[in-house]
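Trainee: Just passing along the structure, written as structure tokens.
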There are 2 protein chains.
Amino acid sequence: MSLAVVGSIAFDAVKTPFGERERMLGGSAVHFSLASSFFTDVHIVGPVGDDFGPDEYAILERRSIDTSGIETIEGGKTFFWRGHYEYDLNTAHTDDTQLNVFGEFQPKLHDDAKNADVLFLANIQPDLQRAVREQCDSAKFVALDSMNLWIDIAKDSLVETIKLVDAVFMNDAEIRQLTGQSNLVKAARELLELGPRLVIAKQGEYGAALFSKGGFFALPAYPLEDVIDPTGAGDSFAGGFLGYVAQHIAEGSELDEHSFRRAMTYGSTMASFNVENFGTERVRDLTGDEIGERFTGFKQITHFEEVAVSYR
Amino acid sequence: MSLAVVGSIAFDAVKTPFGERERMLGGSAVHFSLASSFFTDVHIVGPVGDDFGPDEYAILERRSIDTSGIETIEGGKTFFWRGHYEYDLNTAHTDDTQLNVFGEFQPKLHDDAKNADVLFLANIQPDLQRAVREQCDSAKFVALDSMNLWIDIAKDSLVETIKLVDAVFMNDAEIRQLTGQSNLVKAARELLELGPRLVIAKQGEYGAALFSKGGFFALPAYPLEDVIDPTGAGDSFAGGFLGYVAQHIAEGSELDEHSFRRAMTYGSTMASFNVENFGTERVRDLTGDEIGERFTGFKQITHFEEVAVSYR
């Protein structure tokens, strides 16, 4: 069983009302890999510069992530993002983006990544996502993430890519922007018409919703009194979701509404840990027991029973 | 078993992207009464002018709501609100508010209302809420709603009133504003410290969350492709919630976390119907079967099962 992810590997500088970090490991592929590594073998693919060193590799390899798909561009510098959050942690304010080696990135997958059961196309230019998708024609489940930038400047390409995947992870505003539909249910159903089996609407502090043909499921975010840094929460969500999907496929089980709902819960579980500390600091040191306990916690905060009521 | 509500009785003029109404029955006490009337006997208390006529009474009395607490101010005009919504239906834009008879309202409860098991203090000035609360000292469960206006101009009074109730219904932004806490979980826990047993955070299209001492429950909004008019959804929510609580008390059952979770689901059920048409047009014609089916629908969209997973 295995999973491949193609996306950014980065250094992040982040400031929130609760502290700051000047340079820490980040990037969508990194957050995704760490979260999914608790469920399946993970191959990470993306470019870095000479400044990406043993300390960064160690964080990934301690979680047994296959780093052979990390391509070092000699003389280049790793993607860099600087951002901050106000007390409204739902909105990231970007202060600086340096694409560096990521600007010329042309993904070439090694055989183990090409042959993965599950493929995640993290938030990169949709033409590149499609080029990766075509290298993985035996993948049993493929998902993508995207963002408002690509809807603004490469919408047609994004739509073409969506037609080639099984699941789309986007936030509410992006789903509305892409479809021009203010009603989220209608908007998600329009995306399903393009071909994907699932649309997952990420809703920040309100959790996430799962749309499938004829199906709907929603899960709140885990109630946390201390949210420190939301950077990477969406990728950790996708990592928990698709990591569980990969394990499920490896067991030979059918993917059905029940399994996707559990995948939603693992996604929400990993996202909830992600925000408890800066960058990867919480997720990379998690234990299986902690994950299992929080999954059970989600059951506890959402469960209710039907009883007979007399209506008047 | 019975329930009393004190609040506004109004004529509303509402325009949304999906249509408009120039003059329809509205007001917090009206929406609340109609929603709760499916579960218990309801006494509505509030002032109206001479312009409030048989057509309006008929809507309430068809649902067997006791209207003897409606006080007609001779020569006065009924409270009037004009508002509109853009495609973002979460935000009401107020175009005109005429308090009329509501400006001098001094609630005096008749005996049936005073002796109700459950009391809802709809969104009125918090001094008035407290005056009503004191008239109902045998009520077994008392709840209030409020709004940003009272936090702005009568915060101390609102806090005093909150100390005297069992449950607070407010939206996320109001809970944050009242406590000065950006984290909703911390903010709700601060309100619980004042004395109420429950804080219910209304979250519009994202549903609602229930905070109790040591407990948490969240429920999404029902996924609707056609949301026509959200006016009154919060009061319909409170009506479903407290209507169920009143029925539960009348059965002699303990109010516990399980019953409050079901109350949340009945609240969400009634709110979901409320928004499907203008004003009271959907809720007033509901059947018990429709309510029961949607309650079951909420179970279907939130249920998931735990299975054994191996963590790596």
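Ligands are numbered from 1 in the order shown, chains are lettered A, B, ... in the order of the structure tokens, and residues start at 1 in each chain.
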As a PyMOL selection string, could you give me every residue of chain A near chain B (at most 9 Å apart, counting only C-alpha atoms)?
Mentor: chain A and resi 37-41+63+87-89+182-186+203+206-207+209+215-221+223-227+244+247+258-259+261-262+265+287-289+291-292+295-296+299-307+309-312
Trainee: How about saving the chosen residues, C-alpha atoms kept, as an mmCIF file, in the first residue's frame?
Mentor:
data_model
loop_
_atom_site.group_PDB
_atom_site.id
_atom_site.type_symbol
_atom_site.label_atom_id
_atom_site.label_comp_id
_atom_site.auth_asym_id
_atom_site.auth_seq_id
_atom_site.Cartn_x
_atom_site.Cartn_y
_atom_site.Cartn_z
ATOM 1 C CA SER A 37 2.529 8.660 7.154
ATOM 2 C CA PHE A 38 0.582 7.328 10.154
ATOM 3 C CA PHE A 39 -1.608 5.266 7.815
ATOM 4 C CA THR A 40 0.482 4.179 4.807
ATOM 5 C CA ASP A 41 3.863 4.329 2.985
ATOM 6 C CA ARG A 63 8.184 9.119 9.927
ATOM 7 C CA TYR A 87 -6.845 36.761 16.121
ATOM 8 C CA ASP A 88 -9.080 35.555 13.307
ATOM 9 C CA LEU A 89 -6.981 32.504 12.563
ATOM 10 C CA SER A 182 -23.443 31.133 -4.119
ATOM 11 C CA ASN A 183 -25.194 28.059 -2.713
ATOM 12 C CA LEU A 184 -22.496 25.620 -1.605
ATOM 13 C CA VAL A 185 -24.639 22.522 -2.127
ATOM 14 C CA LYS A 186 -25.394 23.505 -5.715
ATOM 15 C CA GLN A 203 -14.476 25.026 6.296
ATOM 16 C CA TYR A 206 -16.376 24.892 11.145
ATOM 17 C CA GLY A 207 -14.897 21.594 9.984
ATOM 18 C CA ALA A 209 -18.329 18.718 4.386
ATOM 19 C CA GLY A 215 -24.617 11.779 -0.485
ATOM 20 C CA PHE A 216 -23.706 14.383 2.099
ATOM 21 C CA PHE A 217 -21.754 14.249 5.337
ATOM 22 C CA ALA A 218 -20.473 17.026 7.560
ATOM 23 C CA LEU A 219 -18.142 16.990 10.527
ATOM 24 C CA PRO A 220 -17.339 19.908 12.859
ATOM 25 C CA ALA A 221 -13.799 20.885 13.697
ATOM 26 C CA PRO A 223 -13.150 22.077 19.759
ATOM 27 C CA LEU A 224 -9.737 23.380 20.790
ATOM 28 C CA GLU A 225 -9.104 26.102 23.342
ATOM 29 C CA ASP A 226 -5.623 26.726 21.998
ATOM 30 C CA VAL A 227 -5.200 27.058 18.274
ATOM 31 C CA TYR A 244 -6.834 6.204 5.442
ATOM 32 C CA GLN A 247 -4.837 1.737 3.915
ATOM 33 C CA HIS A 258 -18.895 4.571 5.076
ATOM 34 C CA SER A 259 -15.184 4.514 4.363
ATOM 35 C CA ARG A 261 -16.876 9.256 6.207
ATOM 36 C CA ARG A 262 -14.168 7.634 8.275
ATOM 37 C CA THR A 265 -12.839 11.908 10.404
ATOM 38 C CA THR A 287 1.398 8.566 18.417
ATOM 39 C CA GLY A 288 -1.188 6.153 17.072
ATOM 40 C CA ASP A 289 -2.875 6.180 20.480
ATOM 41 C CA ILE A 291 -4.862 9.648 16.814
ATOM 42 C CA GLY A 292 -7.208 6.871 17.887
ATOM 43 C CA PHE A 295 -11.045 9.871 16.335
ATOM 44 C CA THR A 296 -13.160 8.539 19.205
ATOM 45 C CA LYS A 299 -17.594 10.343 17.574
ATOM 46 C CA GLN A 300 -18.407 11.649 21.045
ATOM 47 C CA ILE A 301 -18.973 15.256 19.971
ATOM 48 C CA THR A 302 -21.250 14.356 17.048
ATOM 49 C CA HIS A 303 -23.320 11.449 18.316
ATOM 50 C CA PHE A 304 -26.984 11.747 19.192
ATOM 51 C CA GLU A 305 -29.846 9.316 19.475
ATOM 52 C CA GLU A 306 -33.303 9.358 18.009
ATOM 53 C CA VAL A 307 -36.274 8.915 20.305
ATOM 54 C CA VAL A 309 -41.516 12.384 19.927
ATOM 55 C CA SER A 310 -45.156 13.292 19.623
ATOM 56 C CA TYR A 311 -45.826 16.135 17.240
ATOM 57 C CA ARG A 312 -48.790 18.399 17.670
#
Trainee: From a backbone DSSP assignment, name each residue in stretch 124-264 of chain A labelled helix (DSSP H, G or I), as a ChimeraX atom specification.
Mentor: /A:126-135,148-153,155-162,172-179,184-193,204-206,233-250,257-264
Trainee: Which residues are near stretch 66-76 of chain A? Cut-off 6 Å, only C-alpha atoms, ignore same chain within fewer than 5 positions. Put them as a list in words.
Mentor: His43, Ile44, Val45, Gly46, Pro47, Val48, Gly49, Asp50 and Val101 of chain A
Trainee: Dump C-alpha atoms for the selected residues as a JSON list (two decimals), in the first residue's frame?
Mentor:
[["chain", "number", "residue", "atom", "x", "y", "z"],
["A", 43, "HIS", "CA", 6.50, 9.02, -1.36],
["A", 44, "ILE", "CA", 7.04, 12.76, -1.35],
["A", 45, "VAL", "CA", 7.92, 14.48, -4.63],
["A", 46, "GLY", "CA", 9.03, 18.11, -4.94],
["A", 47, "PRO", "CA", 12.02, 20.38, -5.46],
["A", 48, "VAL", "CA", 14.32, 21.93, -2.85],
["A", 49, "GLY", "CA", 17.47, 24.06, -2.92],
["A", 50, "ASP", "CA", 20.92, 23.53, -1.41],
["A", 101, "VAL", "CA", 13.34, 26.43, -7.20]]
Trainee: Hey, what's within 8 Å of stretch 140-157 of chain B if we count only C-alpha atoms and toss same-chain stuff fewer than 4 positions away? As number ranges by chain, please?
Mentor: B: 117-127, 129, 133, 161-162, 165-170, 174, 177-178
Trainee: Just list the residues in stretch 35-109 of chain B DSSP gives strand (DSSP E or B) on the backbone, as a PDB file with C-alpha atoms, in the first residue's frame.
Mentor:
ATOM      1  CA  ASP B  41     -48.436  24.426  24.240  1.00  0.00           C
ATOM      2  CA  VAL B  42     -47.155  27.917  23.559  1.00  0.00           C
ATOM      3  CA  HIS B  43     -48.065  31.276  25.080  1.00  0.00           C
ATOM      4  CA  ILE B  44     -46.873  34.232  23.040  1.00  0.00           C
ATOM      5  CA  VAL B  45     -46.433  37.603  24.765  1.00  0.00           C
ATOM      6  CA  GLY B  46     -45.743  40.871  22.977  1.00  0.00           C
ATOM      7  CA  PRO B  47     -47.283  44.153  21.807  1.00  0.00           C
ATOM      8  CA  VAL B  48     -48.997  44.940  18.502  1.00  0.00           C
ATOM      9  CA  ASP B  66     -52.314  30.976  22.907  1.00  0.00           C
ATOM     10  CA  THR B  67     -52.517  34.592  21.737  1.00  0.00           C
ATOM     11  CA  SER B  68     -54.124  36.015  24.875  1.00  0.00           C
ATOM     12  CA  GLY B  69     -50.775  37.542  25.834  1.00  0.00           C
ATOM     13  CA  ILE B  70     -50.697  39.680  22.703  1.00  0.00           C
ATOM     14  CA  GLU B  71     -51.368  43.222  23.886  1.00  0.00           C
ATOM     15  CA  THR B  72     -52.972  45.615  21.404  1.00  0.00           C
ATOM     16  CA  PHE B  79     -43.120  46.868  14.958  1.00  0.00           C
ATOM     17  CA  PHE B  80     -41.837  47.014  11.382  1.00  0.00           C
ATOM     18  CA  TRP B  81     -38.552  45.785   9.893  1.00  0.00           C
ATOM     19  CA  ARG B  82     -37.359  46.132   6.326  1.00  0.00           C
ATOM     20  CA  GLY B  83     -34.237  44.312   5.214  1.00  0.00           C
ATOM     21  CA  HIS B  84     -32.551  42.612   2.324  1.00  0.00           C
ATOM     22  CA  HIS B  93     -28.878  44.235   5.715  1.00  0.00           C
ATOM     23  CA  THR B  94     -31.352  46.396   7.652  1.00  0.00           C
ATOM     24  CA  ASP B  95     -32.957  49.161   5.568  1.00  0.00           C
ATOM     25  CA  ASP B  96     -35.537  50.403   8.069  1.00  0.00           C
ATOM     26  CA  THR B  97     -36.594  49.674  11.634  1.00  0.00           C
ATOM     27  CA  GLN B  98     -39.743  51.243  13.139  1.00  0.00           C
TER      28      GLN B  98
END
Trainee: One number please: atom CA of A:Leu255 to atom CA of A:Ser212, in Å, one decimal.
Mentor: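 Between atom CA of A:Leu255 and atom CA of A:Ser212 the gap is 12.3 Å.
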